[in-house]
Amino acid sequence: MPNQWARCPDCGRAVLIEGKPGIMTLHGCPSRECVYPGCRVKKPLDRMVQFASGEWYCPNHGLLLTAKDLVSLYRAEDDADWTAISKIIGEELPDLVARTEAREQRKAS
Ligand SMILES: [Zn+2]
Ligand SMILES: [Zn+2]
């Protein structure tokens with residue numbers, strides 16, 4: 001049987017098909033799956049978001065979890081942890097927003 005190639009649905013690379021159709025050879029696939037329960041989004045790394053915990057999320061769920069973090073930090077019993085809050089707003093949110101916007105624009109076009 002001649003070698004067959006197919007495009008990986010996750011990363012878009014041309015990948016050699018091994019044996020049965022649909023079984024792709026290992027190609028160091030650079031995509032990650034969102035670990036949010038029930039979410040099946042799987043995209044290349046530059047379209048996903050990695051949290052400090054090392055887990056990967058799609059931009060939508062990344063935004064959701066970051067918003068929840070902010071709310072709980074803000075509502076912290078004694079006083080809000082403004083250092084952590086500004087770090088999230090200054091360093092994490094801009095990137096998340098940019099990725100989510102890029103995703104929406106791709107959907108729209
Ligand atoms: Zn792949
Ligand atoms: Zn997700």
# chains A, B, ... in the order shown; residues from 1 in each chain; ligands from 1

call {"tool": "residues_around", "arguments": {"residues": "stretch 1-11 of chain A", "least_positions_apart": "4", "cutoff": "10 Å", "atoms": "only C-alpha atoms", "output": "list in words"}}
result
Val15, Leu16, Ile17, Glu18, Gly19, Pro21, Gly22, Ile23, Met24, Thr25, His27, Gly28, Cys29, Pro30, Ser31, Arg32, Glu33, Val41, Lys42, Lys43, Pro44 and Leu45 of chain A

call {"tool": "residues_near_ligand", "arguments": {"ligand": "ligand 2", "cutoff": "8 Å", "atoms": "only C-alpha atoms and all ligand atoms", "output": "PDB file with N, CA and C atoms, in the first residue's frame"}}
result
ATOM      1  N   GLU A  33      -5.570  20.094  24.196  1.00  0.00           N
ATOM      2  CA  GLU A  33      -7.010  20.028  24.380  1.00  0.00           C
ATOM      3  C   GLU A  33      -7.391  20.790  25.634  1.00  0.00           C
ATOM      4  N   CYS A  34      -8.500  21.529  25.548  1.00  0.00           N
ATOM      5  CA  CYS A  34      -9.000  22.263  26.707  1.00  0.00           C
ATOM      6  C   CYS A  34      -9.396  21.264  27.788  1.00  0.00           C
ATOM      7  N   VAL A  35      -8.951  21.486  29.038  1.00  0.00           N
ATOM      8  CA  VAL A  35      -9.253  20.528  30.101  1.00  0.00           C
ATOM      9  C   VAL A  35     -10.547  20.876  30.843  1.00  0.00           C
ATOM     10  N   TYR A  36     -11.229  21.919  30.388  1.00  0.00           N
ATOM     11  CA  TYR A  36     -12.495  22.264  31.021  1.00  0.00           C
ATOM     12  C   TYR A  36     -13.493  21.135  30.790  1.00  0.00           C
ATOM     13  N   PRO A  37     -14.218  20.720  31.863  1.00  0.00           N
ATOM     14  CA  PRO A  37     -15.120  19.575  31.717  1.00  0.00           C
ATOM     15  C   PRO A  37     -16.113  19.780  30.579  1.00  0.00           C
ATOM     16  N   GLY A  38     -16.166  18.803  29.691  1.00  0.00           N
ATOM     17  CA  GLY A  38     -17.134  18.849  28.606  1.00  0.00           C
ATOM     18  C   GLY A  38     -16.686  19.619  27.388  1.00  0.00           C
ATOM     19  N   CYS A  39     -15.570  20.339  27.486  1.00  0.00           N
ATOM     20  CA  CYS A  39     -15.087  21.129  26.347  1.00  0.00           C
ATOM     21  C   CYS A  39     -14.161  20.266  25.517  1.00  0.00           C
ATOM     22  N   ARG A  40     -14.401  20.239  24.197  1.00  0.00           N
ATOM     23  CA  ARG A  40     -13.578  19.389  23.340  1.00  0.00           C
ATOM     24  C   ARG A  40     -12.683  20.211  22.434  1.00  0.00           C
ATOM     25  N   VAL A  41     -12.537  21.484  22.722  1.00  0.00           N
ATOM     26  CA  VAL A  41     -11.733  22.327  21.844  1.00  0.00           C
ATOM     27  C   VAL A  41     -10.280  21.867  21.883  1.00  0.00           C
ATOM     28  N   TYR A  57      -6.282  25.610  28.425  1.00  0.00           N
ATOM     29  CA  TYR A  57      -7.692  25.903  28.200  1.00  0.00           C
ATOM     30  C   TYR A  57      -7.856  26.613  26.870  1.00  0.00           C
ATOM     31  N   CYS A  58      -9.071  26.502  26.303  1.00  0.00           N
ATOM     32  CA  CYS A  58      -9.379  27.314  25.135  1.00  0.00           C
ATOM     33  C   CYS A  58      -9.552  28.755  25.629  1.00  0.00           C
ATOM     34  N   PRO A  59      -9.409  29.763  24.750  1.00  0.00           N
ATOM     35  CA  PRO A  59      -9.489  31.153  25.214  1.00  0.00           C
ATOM     36  C   PRO A  59     -10.779  31.466  25.964  1.00  0.00           C
ATOM     37  N   ASN A  60     -11.905  30.922  25.505  1.00  0.00           N
ATOM     38  CA  ASN A  60     -13.170  31.213  26.187  1.00  0.00           C
ATOM     39  C   ASN A  60     -13.152  30.738  27.636  1.00  0.00           C
ATOM     40  N   HIS A  61     -12.700  29.522  27.851  1.00  0.00           N
ATOM     41  CA  HIS A  61     -12.669  29.012  29.216  1.00  0.00           C
ATOM     42  C   HIS A  61     -11.542  29.649  30.015  1.00  0.00           C
ATOM     43  N   GLY A  62     -10.466  30.021  29.342  1.00  0.00           N
ATOM     44  CA  GLY A  62      -9.406  30.757  30.019  1.00  0.00           C
ATOM     45  C   GLY A  62      -9.936  32.062  30.587  1.00  0.00           C
TER      46      GLY A  62
END

call {"tool": "select_by_dssp", "arguments": {"residues": "chain A", "states": "alpha helix (DSSP H)", "output": "PyMOL selection string"}}
result
chain A and resi 59-74+82-87+93-108

call {"tool": "atom_distance", "arguments": {"atom1": "atom CA of A:Lys87", "atom2": "atom CA of A:Met48"}}
result
19.8 Å

call {"tool": "closest_residue", "arguments": {"among": "A:Glu55, A:Leu26, A:Leu65, A:Leu70", "to": "A:Ile89", "atoms": "only C-alpha atoms"}}
result
A:Leu70
